[in-house]
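Here is the file target_24.cif (mmCIF, C-alpha atoms).
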```cif
data_run
loop_
_atom_site.label_atom_id
_atom_site.label_comp_id
_atom_site.auth_asym_id
_atom_site.auth_seq_id
_atom_site.Cartn_x
_atom_site.Cartn_y
_atom_site.Cartn_z
CA MET A 1332 65.65 32.33 -14.51
CA ILE A 1333 67.47 35.39 -15.82
CA GLY A 1334 66.09 34.85 -19.34
CA ILE A 1335 62.57 34.57 -17.99
CA LYS A 1336 62.80 37.75 -15.96
CA LYS A 1337 63.94 39.73 -19.00
CA THR A 1338 61.08 38.63 -21.23
CA MET A 1339 58.11 38.28 -18.89
CA ASN A 1340 55.62 41.06 -18.28
CA LYS A 1341 54.79 41.23 -14.59
CA SER A 1342 51.64 43.34 -14.96
CA LYS A 1343 48.35 41.61 -14.08
CA ASP A 1344 46.36 40.50 -17.11
CA GLN A 1345 42.70 40.45 -16.07
CA ARG A 1346 42.00 37.61 -18.53
CA VAL A 1347 44.32 35.25 -16.64
CA PRO A 1348 42.90 33.53 -13.53
CA ASP A 1349 44.84 34.05 -10.32
CA TYR A 1350 45.69 30.34 -10.07
CA TYR A 1351 47.85 30.73 -13.21
CA GLN A 1352 49.92 33.52 -11.65
CA GLY A 1353 52.89 33.04 -9.38
CA LYS A 1354 53.83 35.11 -6.37
CA ASN A 1355 56.10 37.31 -8.49
CA GLY A 1356 53.36 37.91 -11.06
CA TYR A 1357 54.70 35.45 -13.62
CA GLU A 1358 52.00 33.77 -15.63
CA ALA A 1359 52.14 30.06 -16.42
CA ARG A 1360 51.56 30.75 -20.12
CA MET A 1361 54.54 33.11 -20.25
CA VAL A 1362 56.83 30.53 -18.65
CA CYS A 1363 55.69 27.95 -21.22
CA ASP A 1364 56.17 30.44 -24.06
CA ASN A 1365 59.63 31.34 -22.82
CA PHE A 1366 60.68 27.69 -22.95
CA GLU A 1367 58.90 27.18 -26.30
CA LEU A 1368 57.15 24.08 -24.97
CA PRO A 1369 55.00 21.98 -27.28
CA TYR A 1370 51.24 22.38 -26.76
CA HIS A 1371 50.61 19.23 -24.71
CA ILE A 1372 53.68 19.71 -22.51
CA ALA A 1373 52.79 23.36 -21.91
CA THR A 1374 49.25 22.36 -21.01
CA ALA A 1375 50.59 19.75 -18.56
CA VAL A 1376 52.85 22.36 -16.98
CA THR A 1377 49.96 24.81 -16.52
CA TYR A 1378 47.83 22.10 -14.89
CA LEU A 1379 50.68 21.30 -12.49
CA ILE A 1380 51.23 24.96 -11.69
CA ARG A 1381 47.58 25.64 -10.98
CA SER A 1382 47.26 22.49 -8.87
CA SER A 1383 49.97 23.39 -6.40
CA ASN A 1384 50.98 27.00 -6.72
CA GLY A 1385 50.33 27.52 -3.01
CA LEU A 1386 48.34 30.68 -3.58
CA ILE A 1387 44.96 29.92 -5.12
CA ASN A 1388 43.89 26.45 -6.20
CA LYS A 1389 41.05 25.79 -8.61
CA HIS A 1390 40.06 22.52 -6.90
CA ASP A 1391 40.00 21.36 -3.28
CA GLN A 1392 42.28 18.45 -4.21
CA PRO A 1393 44.96 18.56 -6.91
CA PHE A 1394 44.12 15.09 -8.30
CA ASP A 1395 42.00 16.39 -11.18
CA ASP A 1396 44.79 18.65 -12.36
CA TYR A 1397 47.42 15.92 -11.92
CA ASN A 1398 45.35 13.52 -14.00
CA LYS A 1399 44.87 16.16 -16.71
CA ALA A 1400 48.62 16.82 -16.75
CA ILE A 1401 49.35 13.10 -17.08
CA ALA A 1402 46.86 12.83 -19.95
CA HIS A 1403 48.58 15.65 -21.84
CA ILE A 1404 52.01 14.10 -21.32
CA GLU A 1405 50.60 10.86 -22.71
CA PHE A 1406 49.14 12.77 -25.67
CA GLN A 1407 52.61 14.20 -26.38
CA ILE A 1408 54.21 10.77 -26.16
CA GLU A 1409 51.61 9.40 -28.61
CA LYS A 1410 52.30 12.32 -30.96
CA LEU A 1411 56.05 11.70 -30.83
CA LYS A 1412 55.52 8.02 -31.63
CA ARG A 1413 53.32 8.94 -34.63
CA ASP A 1414 55.74 11.55 -35.97
#
```
Translate the structure described by the file into structure tokens.
Amino acid sequence: MIGIKKTMNKSKDQRVPDYYQGKNGYEARMVCDNFELPYHIATAVTYLIRSSNGLINKHDQPFDDYNKAIAHIEFQIEKLKRD
């Protein structure tokens, strides 16, 4: 996590919903950028983060976000098979 701490801005961006921010102010998008994740994998990670970050959840149950994350992982697998 040292590399993440050096490159992530901990100031609150008003454009980012609270459910995409961790308790230390890290934003899901910044974590994905730091790891240079492909689009579909990054999207899956953000759905998983927002579903169970323990602070603010978008939905009452995390199932919708889990299913969206699974769909994006499947999209990435399909892309890898095509490429």
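We find atom CA of Ser1382 of chain A and atom CA of Tyr1397 of chain A to be spaced 7.2 Å apart.
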re atom CA of Asp1344 of chain A and atom CA of Ala1400 of chain A: distance 23.8 Å
Expressed in Å to a single decimal, how great is the separation between atom CA of Leu1379 of chain A and atom CA of Lys1399 of chain A?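 Between atom CA of Leu1379 of chain A and atom CA of Lys1399 of chain A the gap is 8.8 Å.
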Nearest to Thr1377 of chain A: which of A:Val1347, A:Asn1365, A:Glu1405, A:Arg1360 is it, counting only C-alpha atoms?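 Looking at the shortest contact to Thr1377 of chain A, the residue is A:Arg1360.
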Within 6 Å of Ala1375 of chain A, counting all atoms listed in the file, which residues qualify if same-chain residues fewer than 3 places away don't, as a PyMOL selection string? chain A and resi 1372+1378+1400+1403
Written selection (C-alpha atoms) as a PDB file, keeping the file's coordinate frame:
```pdb
ATOM      1  CA  ILE A1372      53.680  19.710 -22.510  1.00  0.00           C
ATOM      2  CA  TYR A1378      47.830  22.100 -14.890  1.00  0.00           C
ATOM      3  CA  ALA A1400      48.620  16.820 -16.750  1.00  0.00           C
ATOM      4  CA  HIS A1403      48.580  15.650 -21.840  1.00  0.00           C
TER       5      HIS A1403
END
```
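Shortest atom-to-atom contact with Ala1373 of chain A among A:Asp1414, A:Ile1404, A:Asn1355, A:Tyr1350: A:Ile1404, counting all atoms listed in the file.
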Do a neighbour search on Tyr1351 of chain A at 6 Å with all atoms listed in the file, toss out local chain neighbours closer than 4 positions, and write the hits as a list in words.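 These residues fall inside the cut-off: Glu1358, Ala1359 and Arg1381 of chain A.
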Please list as a PDB file with C-alpha atoms, keeping the file's coordinate frame every residue within 10 Å of Phe1406 of chain A, counting only C-alpha atoms and excluding residues in the same chain fewer than 4 positions away.
```pdb
ATOM      1  CA  TYR A1370      51.240  22.380 -26.760  1.00  0.00           C
ATOM      2  CA  HIS A1371      50.610  19.230 -24.710  1.00  0.00           C
ATOM      3  CA  ILE A1372      53.680  19.710 -22.510  1.00  0.00           C
ATOM      4  CA  ALA A1400      48.620  16.820 -16.750  1.00  0.00           C
ATOM      5  CA  ILE A1401      49.350  13.100 -17.080  1.00  0.00           C
ATOM      6  CA  ALA A1402      46.860  12.830 -19.950  1.00  0.00           C
ATOM      7  CA  LYS A1410      52.300  12.320 -30.960  1.00  0.00           C
ATOM      8  CA  LEU A1411      56.050  11.700 -30.830  1.00  0.00           C
ATOM      9  CA  LYS A1412      55.520   8.020 -31.630  1.00  0.00           C
TER      10      LYS A1412
END
```
